[in-house]
>>> print(open('my_file.cif').read())   # mmCIF, C-alpha atoms
data_run
loop_
_atom_site.label_atom_id
_atom_site.label_comp_id
_atom_site.auth_asym_id
_atom_site.auth_seq_id
_atom_site.Cartn_x
_atom_site.Cartn_y
_atom_site.Cartn_z
CA MET A 30 170.85 114.01 106.33
CA SER A 31 174.56 114.55 105.75
CA LEU A 32 176.40 112.74 102.94
CA GLY A 33 178.40 110.82 105.55
CA ALA A 34 175.27 109.66 107.39
CA ALA A 35 173.63 108.57 104.16
CA THR A 36 176.72 106.61 103.16
CA LEU A 37 176.78 104.89 106.56
CA ILE A 38 173.14 103.79 106.22
CA ARG A 39 173.76 102.44 102.70
CA ASN A 40 176.79 100.52 103.89
CA GLN A 41 174.89 99.03 106.83
CA VAL A 42 172.04 97.85 104.61
CA ARG A 43 174.50 96.40 102.09
CA THR A 44 176.21 94.55 104.94
CA ILE A 45 172.91 93.07 106.14
CA CYS A 46 171.82 91.96 102.68
CA PRO A 47 174.51 91.99 99.97
CA LEU A 48 171.96 91.88 97.11
CA TYR A 49 170.81 95.33 98.25
CA SER A 50 170.84 97.78 95.35
CA PRO A 51 172.86 100.92 96.20
CA SER A 52 170.91 102.84 93.60
CA ALA A 53 167.67 102.47 95.56
CA PRO A 54 166.48 105.39 97.72
CA THR A 55 168.04 105.18 101.17
CA GLY A 56 164.72 105.30 103.00
CA ALA A 57 163.25 102.36 101.11
CA SER A 58 166.28 100.22 100.43
CA ARG A 59 165.38 96.73 99.28
CA PRO A 60 167.27 94.02 97.43
CA ALA A 61 167.20 94.26 93.68
CA HIS A 62 165.48 91.46 91.82
CA HIS A 63 167.93 89.30 89.88
CA ALA A 64 167.45 86.96 86.97
CA VAL A 65 169.87 84.46 88.51
CA LEU A 66 168.75 82.15 91.27
CA GLN A 67 169.73 83.28 93.65
CA SER A 68 152.89 66.99 119.91
CA SER A 69 154.90 63.94 119.25
CA PRO A 70 157.45 62.44 121.63
CA PRO A 71 160.83 64.18 121.88
CA ARG A 72 163.55 62.92 119.51
CA THR A 73 160.92 62.01 116.93
CA PRO A 74 159.94 65.33 115.30
CA ARG A 75 156.49 65.38 113.81
CA ARG A 76 155.91 66.44 110.25
CA LEU A 77 155.44 70.17 109.99
CA ALA A 78 152.55 69.62 107.61
CA SER A 79 149.41 67.69 108.41
CA ALA A 80 148.03 65.23 105.88
CA SER A 81 144.51 66.63 106.27
CA ALA A 82 145.63 70.05 105.08
CA LYS A 83 147.16 68.86 101.82
CA ALA A 84 143.96 68.87 99.81
CA SER A 85 143.52 72.64 100.19
CA VAL A 86 147.10 73.56 99.31
CA ILE A 87 147.60 75.46 96.05
CA MET A 88 150.50 74.04 94.07
CA ALA A 89 153.53 76.23 93.44
CA GLU A 90 154.67 77.16 89.94
CA GLN A 91 158.35 76.67 89.12
CA ILE A 92 159.79 79.92 87.76
CA ALA A 93 163.53 79.15 87.60
CA SER A 94 165.92 76.22 87.72
CA ASN A 95 169.72 76.05 87.85
CA LYS A 96 171.83 72.91 88.17
CA GLN A 97 174.60 73.01 90.75
CA PHE A 98 176.84 70.25 92.15
CA GLY A 99 174.61 67.60 90.59
CA GLY A 100 171.45 68.95 92.19
CA PHE A 101 169.09 71.77 91.31
CA ASN A 102 168.20 75.18 92.68
CA ARG A 103 164.52 75.48 91.84
CA ARG A 104 162.57 78.67 92.49
CA PHE A 105 158.79 78.63 92.93
CA LYS A 106 155.90 81.08 93.17
CA HIS A 107 152.48 80.49 94.72
CA LYS A 108 149.48 82.33 96.08
CA SER A 109 149.78 82.42 99.87
CA SER A 110 146.72 82.22 102.10
CA SER A 111 148.76 83.26 105.14
CA VAL A 112 149.97 86.61 103.83
CA GLY A 113 147.48 87.24 101.02
CA CYS A 114 149.83 87.69 98.10
CA ASP A 115 152.12 85.77 95.76
CA MET A 116 155.16 84.39 97.59
CA THR A 117 158.40 82.94 96.27
CA PHE A 118 160.69 80.34 97.76
CA THR A 119 163.74 78.45 96.53
CA ILE A 120 164.70 74.84 97.18
CA TYR A 121 168.07 73.26 96.58
CA PHE A 122 167.40 69.62 95.78
CA PRO A 123 170.61 67.61 96.28
CA PRO A 124 171.39 64.76 93.84
CA ALA A 125 170.21 62.19 96.41
CA SER A 126 166.65 63.53 96.16
CA GLU A 127 166.36 61.96 92.70
CA SER A 128 166.27 58.50 94.26
CA LYS A 129 165.03 58.98 97.83
CA LYS A 130 163.50 61.41 100.30
CA VAL A 131 166.06 63.67 101.94
CA PRO A 132 166.02 65.71 105.18
CA VAL A 133 165.30 69.43 105.05
CA LEU A 134 167.03 72.53 106.40
CA PHE A 135 164.88 75.66 106.41
CA TRP A 136 166.86 78.88 106.02
CA LEU A 137 165.39 82.24 107.11
CA SER A 138 167.07 85.34 105.72
CA GLY A 139 167.57 88.76 107.23
CA LEU A 140 166.38 92.32 106.74
CA THR A 141 165.90 93.48 103.11
CA CYS A 142 166.53 89.98 101.74
CA THR A 143 164.50 87.75 99.46
CA ASP A 144 164.60 83.98 99.05
CA GLU A 145 167.49 84.42 96.59
CA ASN A 146 170.17 85.85 98.87
CA PHE A 147 171.15 82.69 100.71
CA ILE A 148 170.96 80.56 97.56
CA VAL A 149 173.20 82.93 95.60
CA LYS A 150 175.62 84.15 98.28
CA ALA A 151 176.14 81.50 100.97
CA GLY A 152 177.86 78.82 98.91
CA ALA A 153 175.96 76.10 100.74
CA GLN A 154 175.11 73.82 97.83
CA ARG A 155 178.40 71.93 97.57
CA LYS A 156 178.17 70.70 101.17
CA ALA A 157 174.42 70.16 100.94
CA ALA A 158 174.97 67.95 97.89
CA GLU A 159 177.61 65.97 99.75
CA LEU A 160 175.37 65.53 102.81
CA GLY A 161 172.17 64.83 100.89
CA LEU A 162 170.43 67.78 102.52
CA ALA A 163 167.66 69.86 100.91
CA LEU A 164 167.75 73.62 101.54
CA VAL A 165 164.47 75.56 101.66
CA ALA A 166 164.68 79.37 101.58
CA PRO A 167 161.44 81.39 101.76
CA ASP A 168 161.03 85.12 101.23
CA THR A 169 161.14 87.44 104.24
CA SER A 170 157.78 89.24 104.00
CA PRO A 171 154.66 89.82 101.92
CA ARG A 172 155.21 91.98 98.83
CA GLY A 173 153.07 94.10 96.54
CA LEU A 174 150.11 94.58 98.87
CA GLY A 175 150.18 98.37 98.65
CA VAL A 176 149.95 98.96 102.39
CA GLY A 177 150.77 102.58 103.18
CA GLY A 178 154.36 102.91 104.36
CA GLU A 179 155.29 99.30 103.56
CA SER A 180 158.43 100.37 101.66
CA GLU A 181 159.40 103.54 103.48
CA SER A 182 162.21 101.98 105.51
CA TRP A 183 164.48 98.99 105.08
CA ASP A 184 163.93 97.63 108.60
CA PHE A 185 160.11 97.54 108.63
CA GLY A 186 157.46 96.40 106.17
CA VAL A 187 158.60 94.85 102.89
CA GLY A 188 161.64 92.65 103.43
CA ALA A 189 161.25 92.85 107.21
CA GLY A 190 158.57 90.38 108.29
CA PHE A 191 160.34 89.37 111.53
CA TYR A 192 158.77 85.89 111.36
CA LEU A 193 155.82 86.81 113.58
CA ASN A 194 152.04 87.12 113.21
CA ALA A 195 151.14 90.79 113.28
CA LYS A 196 148.35 91.93 115.59
CA VAL A 197 148.01 95.53 114.41
CA ASP A 198 145.24 95.56 111.80
CA LYS A 199 147.13 97.66 109.25
CA TRP A 200 149.80 94.97 109.07
CA LYS A 201 147.46 91.99 109.32
CA ASN A 202 149.04 90.33 106.27
CA TRP A 203 152.44 90.20 107.94
CA ARG A 204 152.00 86.62 109.16
CA MET A 205 155.37 85.12 108.35
CA TYR A 206 155.25 82.88 111.42
CA ASP A 207 152.21 81.05 110.06
CA TYR A 208 153.71 81.01 106.59
CA VAL A 209 156.96 79.36 107.72
CA VAL A 210 155.52 77.05 110.38
CA LYS A 211 152.29 75.96 108.66
CA GLU A 212 151.64 76.96 105.07
CA LEU A 213 155.02 76.39 103.46
CA PRO A 214 155.60 72.95 105.04
CA GLU A 215 152.09 71.91 104.00
CA LEU A 216 152.83 72.92 100.42
CA LEU A 217 156.16 71.07 100.46
CA ALA A 218 154.55 67.93 101.86
CA SER A 219 151.88 68.03 99.18
CA GLN A 220 154.03 68.86 96.17
CA PHE A 221 157.35 67.20 96.97
CA ALA A 222 156.37 64.17 99.04
CA ASP A 223 158.65 61.95 96.96
CA LYS A 224 161.73 64.11 97.52
CA LEU A 225 161.52 65.81 100.93
CA ASP A 226 161.35 64.03 104.29
CA LEU A 227 159.51 66.55 106.46
CA SER A 228 159.77 64.27 109.48
CA ARG A 229 163.45 65.23 109.52
CA CYS A 230 163.73 69.02 109.61
CA SER A 231 166.11 71.57 111.07
CA ILE A 232 166.12 75.35 110.84
CA SER A 233 168.72 78.11 110.55
CA GLY A 234 168.95 81.77 109.62
CA HIS A 235 170.82 85.05 109.68
CA SER A 236 170.19 88.25 111.67
CA MET A 237 166.39 88.75 111.57
CA GLY A 238 166.27 85.22 110.17
CA GLY A 239 168.42 83.96 113.03
CA HIS A 240 165.86 85.47 115.38
CA GLY A 241 163.16 83.68 113.38
CA ALA A 242 164.98 80.34 113.47
CA LEU A 243 165.53 80.48 117.24
CA THR A 244 161.99 81.57 118.14
CA ILE A 245 160.26 79.20 115.73
CA ALA A 246 162.34 76.25 116.97
CA LEU A 247 161.76 77.09 120.63
CA LYS A 248 158.00 77.44 120.02
CA ASN A 249 157.87 74.21 117.97
CA PRO A 250 160.56 71.94 119.45
CA HIS A 251 158.92 68.71 118.28
CA SER A 252 159.07 69.86 114.65
CA PHE A 253 162.84 70.30 114.44
CA ARG A 254 165.88 68.28 115.37
CA SER A 255 168.33 71.19 115.63
CA VAL A 256 168.59 74.97 115.19
CA SER A 257 171.44 77.29 114.31
CA ALA A 258 171.88 80.98 113.62
CA PHE A 259 174.37 83.48 112.28
CA ALA A 260 174.40 86.82 114.13
CA PRO A 261 170.78 86.52 115.31
CA ILE A 262 168.76 89.36 116.79
CA CYS A 263 168.68 87.67 120.18
CA ASN A 264 166.63 89.97 122.37
CA PRO A 265 164.33 92.06 120.13
CA SER A 266 161.88 92.99 122.91
CA SER A 267 164.66 94.77 124.79
CA ALA A 268 164.75 98.55 124.77
CA GLU A 269 168.40 98.16 123.73
CA CYS A 270 167.39 96.67 120.35
CA PRO A 271 166.04 99.45 118.09
CA TRP A 272 165.22 97.05 115.24
CA GLY A 273 163.09 94.94 117.54
CA VAL A 274 161.35 97.85 119.24
CA LYS A 275 160.43 99.38 115.90
CA ALA A 276 159.17 96.11 114.43
CA PHE A 277 157.32 94.88 117.51
CA THR A 278 155.64 98.24 118.12
CA GLY A 279 154.52 98.40 114.51
CA TYR A 280 153.38 94.81 114.12
CA LEU A 281 152.31 93.82 117.65
CA GLY A 282 151.30 97.11 119.26
CA GLU A 283 152.34 98.79 122.50
CA ASP A 284 151.77 95.84 124.85
CA ARG A 285 155.35 94.82 125.54
CA GLU A 286 154.26 91.69 127.36
CA SER A 287 152.97 90.34 124.06
CA TRP A 288 156.40 90.86 122.49
CA LYS A 289 157.94 88.13 124.63
CA GLU A 290 156.50 85.28 122.54
CA TYR A 291 158.78 86.33 119.70
CA ASP A 292 161.94 86.89 121.75
CA ALA A 293 164.44 84.00 122.02
CA CYS A 294 165.73 85.19 125.40
CA GLU A 295 162.24 85.36 126.87
CA LEU A 296 161.32 81.99 125.38
CA LEU A 297 164.41 80.40 126.89
CA ALA A 298 163.58 81.89 130.30
CA ALA A 299 160.20 80.14 130.31
CA TYR A 300 161.19 77.05 128.34
CA LYS A 301 159.98 73.61 129.48
CA GLY A 302 160.34 71.52 126.32
CA PRO A 303 162.99 69.15 124.96
CA GLN A 304 166.42 70.72 124.59
CA LEU A 305 167.17 71.07 120.91
CA PRO A 306 170.84 71.40 119.96
CA ILE A 307 171.56 75.10 119.31
CA LEU A 308 174.60 76.48 117.48
CA VAL A 309 175.11 80.25 117.14
CA ASP A 310 177.98 81.99 115.36
CA GLN A 311 178.60 85.71 115.88
CA GLY A 312 181.14 87.85 114.09
CA GLY A 313 183.43 89.71 116.46
CA ALA A 314 183.68 92.70 114.09
CA ASP A 315 179.93 92.93 113.49
CA THR A 316 178.90 96.59 113.64
CA PHE A 317 175.51 95.58 115.06
CA LEU A 318 176.94 93.37 117.80
CA THR A 319 176.05 95.45 120.85
CA SER A 320 173.53 97.88 119.36
CA GLN A 321 171.08 95.31 117.92
CA LEU A 322 172.08 91.65 118.25
CA ARG A 323 172.94 91.21 121.96
CA PRO A 324 174.28 87.62 121.96
CA ALA A 325 175.40 88.06 125.59
CA ALA A 326 171.72 88.26 126.55
CA LEU A 327 171.07 84.94 124.80
CA GLN A 328 173.97 83.32 126.61
CA ALA A 329 172.74 84.69 129.95
CA ALA A 330 169.21 83.39 129.31
CA ALA A 331 170.50 79.95 128.33
CA THR A 332 172.73 79.77 131.41
CA ALA A 333 169.88 80.80 133.71
CA ALA A 334 167.61 78.18 132.14
CA ASN A 335 170.34 75.52 132.25
CA TYR A 336 169.92 75.14 128.50
CA PRO A 337 172.99 73.94 126.56
CA LEU A 338 173.98 76.56 123.97
CA THR A 339 177.03 76.62 121.71
CA LEU A 340 177.76 80.30 121.09
CA ARG A 341 180.95 81.01 119.15
CA THR A 342 182.52 84.41 118.50
CA GLN A 343 184.40 84.45 115.21
CA GLU A 344 186.98 87.20 115.52
CA ASP A 345 187.22 89.86 112.80
CA TYR A 346 184.14 88.65 110.91
CA ASP A 347 181.34 91.10 110.15
CA HIS A 348 177.59 90.77 109.50
CA SER A 349 177.80 89.88 105.81
CA TYR A 350 177.60 86.78 103.65
CA PHE A 351 181.41 86.69 103.68
CA PHE A 352 180.94 85.60 107.29
CA ILE A 353 178.11 83.18 106.52
CA SER A 354 179.90 81.53 103.60
CA THR A 355 182.97 80.91 105.77
CA PHE A 356 181.10 78.83 108.36
CA ILE A 357 178.05 77.53 106.50
CA ASP A 358 179.61 74.10 105.92
CA GLU A 359 180.04 73.66 109.67
CA HIS A 360 176.41 74.53 110.24
CA LEU A 361 175.23 72.10 107.57
CA ALA A 362 177.35 69.32 109.09
CA PHE A 363 175.93 70.18 112.52
CA HIS A 364 172.39 69.79 111.25
CA ALA A 365 173.14 66.67 109.18
CA LYS A 366 174.43 64.95 112.31
CA HIS A 367 171.11 65.52 114.07
CA LEU A 368 169.03 64.71 110.99
CA ALA A 369 170.67 61.34 110.40
#
>>> encode(input="my_file.cif", output="structure tokens")
Amino acid sequence: MSLGAATLIRNQVRTICPLYSPSAPTGASRPAHHAVLQSSPPRTPRRLASASAKASVIMAEQIASNKQFGGFNRRFKHKSSSVGCDMTFTIYFPPASESKKVPVLFWLSGLTCTDENFIVKAGAQRKAAELGLALVAPDTSPRGLGVGGESESWDFGVGAGFYLNAKVDKWKNWRMYDYVVKELPELLASQFADKLDLSRCSISGHSMGGHGALTIALKNPHSFRSVSAFAPICNPSSAECPWGVKAFTGYLGEDRESWKEYDACELLAAYKGPQLPILVDQGGADTFLTSQLRPAALQAAATAANYPLTLRTQEDYDHSYFFISTFIDEHLAFHAKHLA
């Protein structure tokens, strides 16, 4: 590989996940670990966690805490039954959670990220404190399982769970869909029942996490009141999305029909449920705009399905957390309106 090509790859990974360590080998680039913290009727979302499941939930251990804007960023670790390893997640508890239960926004991060990236980089806590909104940020994949090839590339394996349930046996632990939709909410309901109101949830994310937010919301519309995304991978089953083709082939196998259940465009095309409010922001200067993200396909699918979609192009913004931090307050206000 030429020096120029290697530099381009490093820059692209850094843009996707700014906590990426440039000293890591290019082929296995992952974010560095940092000491700092980083069906019910429509209109009445059901709790993501069932009361009957609480007894079997293993409690999470708090491993870090940082006060911010009167609330606390608290990081936790627990043994996950969904993915078969220790998992971490971070919650921002706003000041209001000290005296009452508050609504929850789940945030799903993108390729190479951990649960820390959003908490450290997005600058969301000031507005979340003002709105009385808890922020829950899980990790993006299993880690430390020792599966052959799990760290060979930055867009597959570790840090690249794609929020699906893998069907290929080698990757059977890559069950981030179940982790986000079932296990994590059950743990939250069991451990933080006095602080978090899981009957009022919304979901958001960036890039791969935007894909996860859209697909999870469309597959579970009674569990969320709204969904938003920054630069989501909109049409990962398309041959024009190399990230999606690589991930879906590896995790789901060669049957492309099975890929459609994790593709927001395909889900919209077949959608029959309640119409959740959707807000999507896309940077106009994003280097992945046409080669990976394909927001035009999402708009076309929404139009064909007569589904209301707010898709905004923000001129001159790229794929980074500079973009996210600029508009995150608007997304939080959007969700707070629907969580009221």
>>> closest_atom_pairs(input="my_file.cif", of="region 118-171 of chain A", to="region 201-218 of chain A", cutoff="8 Å", atoms="all atoms listed in the file", output="tab-separated table")
residue	atom	partner	partner_atom	distance
A:Pro167	CA	A:Val209	CA	7.7
A:Thr169	CA	A:Met205	CA	7.5
A:Ser170	CA	A:Met205	CA	6.5
A:Pro171	CA	A:Trp203	CA	6.4
>>> residues_around(input="my_file.cif", residues="Phe118 (chain A)", least_positions_apart="4", cutoff="10 Å", atoms="all atoms listed in the file", output="PyMOL selection string")
chain A and resi 89+91+103-107+143-145+165-169+213
>>> closest_residue(input="my_file.cif", among="A:Glu181, A:Glu90, A:Asp358, A:Asp315", to="Lys156 (chain A)", atoms="only C-alpha atoms")
A:Asp358
>>> residues_around(input="my_file.cif", residues="Leu296 (chain A)", least_positions_apart="6", cutoff="9 Å", atoms="all atoms listed in the file", output="MDAnalysis selection string")
chainID A and resid 244 247:248 289:290 330
>>> atom_distance(input="my_file.cif", atom1="CA of Ala260 (chain A)", atom2="CA of Ala299 (chain A)")
22.5 Å
>>> resolve_selection(input="my_file.cif", expression="the PyMOL selection byres ((chain A and resi 200) around 10)", output="PyMOL selection string")
chain A and resi 112+176-177+179+186+190+194-199+201-204+279-281
>>> atom_distance(input="my_file.cif", atom1="CA of Gly175 (chain A)", atom2="CA of Ile92 (chain A)")
23.5 Å
>>> atom_distance(input="my_file.cif", atom1="CA of Phe317 (chain A)", atom2="CA of Asn146 (chain A)")
19.6 Å
>>> residues_near_point(input="my_file.cif", point="(161.8, 71.5, 125.8)", cutoff="10 Å", atoms="only C-alpha atoms", output="CSV table (one decimal) with C-alpha atoms, in the frame of the given file")
chain,number,residue,atom,x,y,z
A,71,PRO,CA,160.8,64.2,121.9
A,247,LEU,CA,161.8,77.1,120.6
A,248,LYS,CA,158.0,77.4,120.0
A,249,ASN,CA,157.9,74.2,118.0
A,250,PRO,CA,160.6,71.9,119.4
A,251,HIS,CA,158.9,68.7,118.3
A,297,LEU,CA,164.4,80.4,126.9
A,299,ALA,CA,160.2,80.1,130.3
A,300,TYR,CA,161.2,77.0,128.3
A,301,LYS,CA,160.0,73.6,129.5
A,302,GLY,CA,160.3,71.5,126.3
A,303,PRO,CA,163.0,69.2,125.0
A,304,GLN,CA,166.4,70.7,124.6
A,305,LEU,CA,167.2,71.1,120.9
A,336,TYR,CA,169.9,75.1,128.5
>>> closest_residue(input="my_file.cif", among="A:Ser111, A:Gln154, A:Ser219, A:Ser231", to="Pro123 (chain A)", atoms="only C-alpha atoms")
A:Gln154
>>> closest_atom_pairs(input="my_file.cif", of="region 319-351 of chain A", to="region 138-142 of chain A", cutoff="12 Å", atoms="only C-alpha atoms", output="tab-separated table")
residue	atom	partner	partner_atom	distance
A:His348	CA	A:Gly139	CA	10.5
A:Ser349	CA	A:Gly139	CA	10.4
A:Tyr350	CA	A:Ser138	CA	10.8
>>> resolve_selection(input="my_file.cif", expression="the PyMOL selection byres ((chain A and resi 261) around 7)", output="list in words")
His235, Ser236, Met237, Gly238, Gly239, His240, Ala258, Phe259, Ala260, Ile262, Cys263 and Leu322 of chain A
>>> closest_residue(input="my_file.cif", among="A:Leu160, A:Ala242, A:Val149, A:Ala333", to="Ala298 (chain A)", atoms="only C-alpha atoms")
A:Ala333
>>> closest_residue(input="my_file.cif", among="A:Pro132, A:Pro271, A:Gly178, A:Gly282", to="Gln321 (chain A)", atoms="only C-alpha atoms")
A:Pro271
>>> closest_residue(input="my_file.cif", among="A:Ala331, A:Ala365, A:Met88, A:Ala93", to="Ala163 (chain A)", atoms="only C-alpha atoms")
A:Ala365
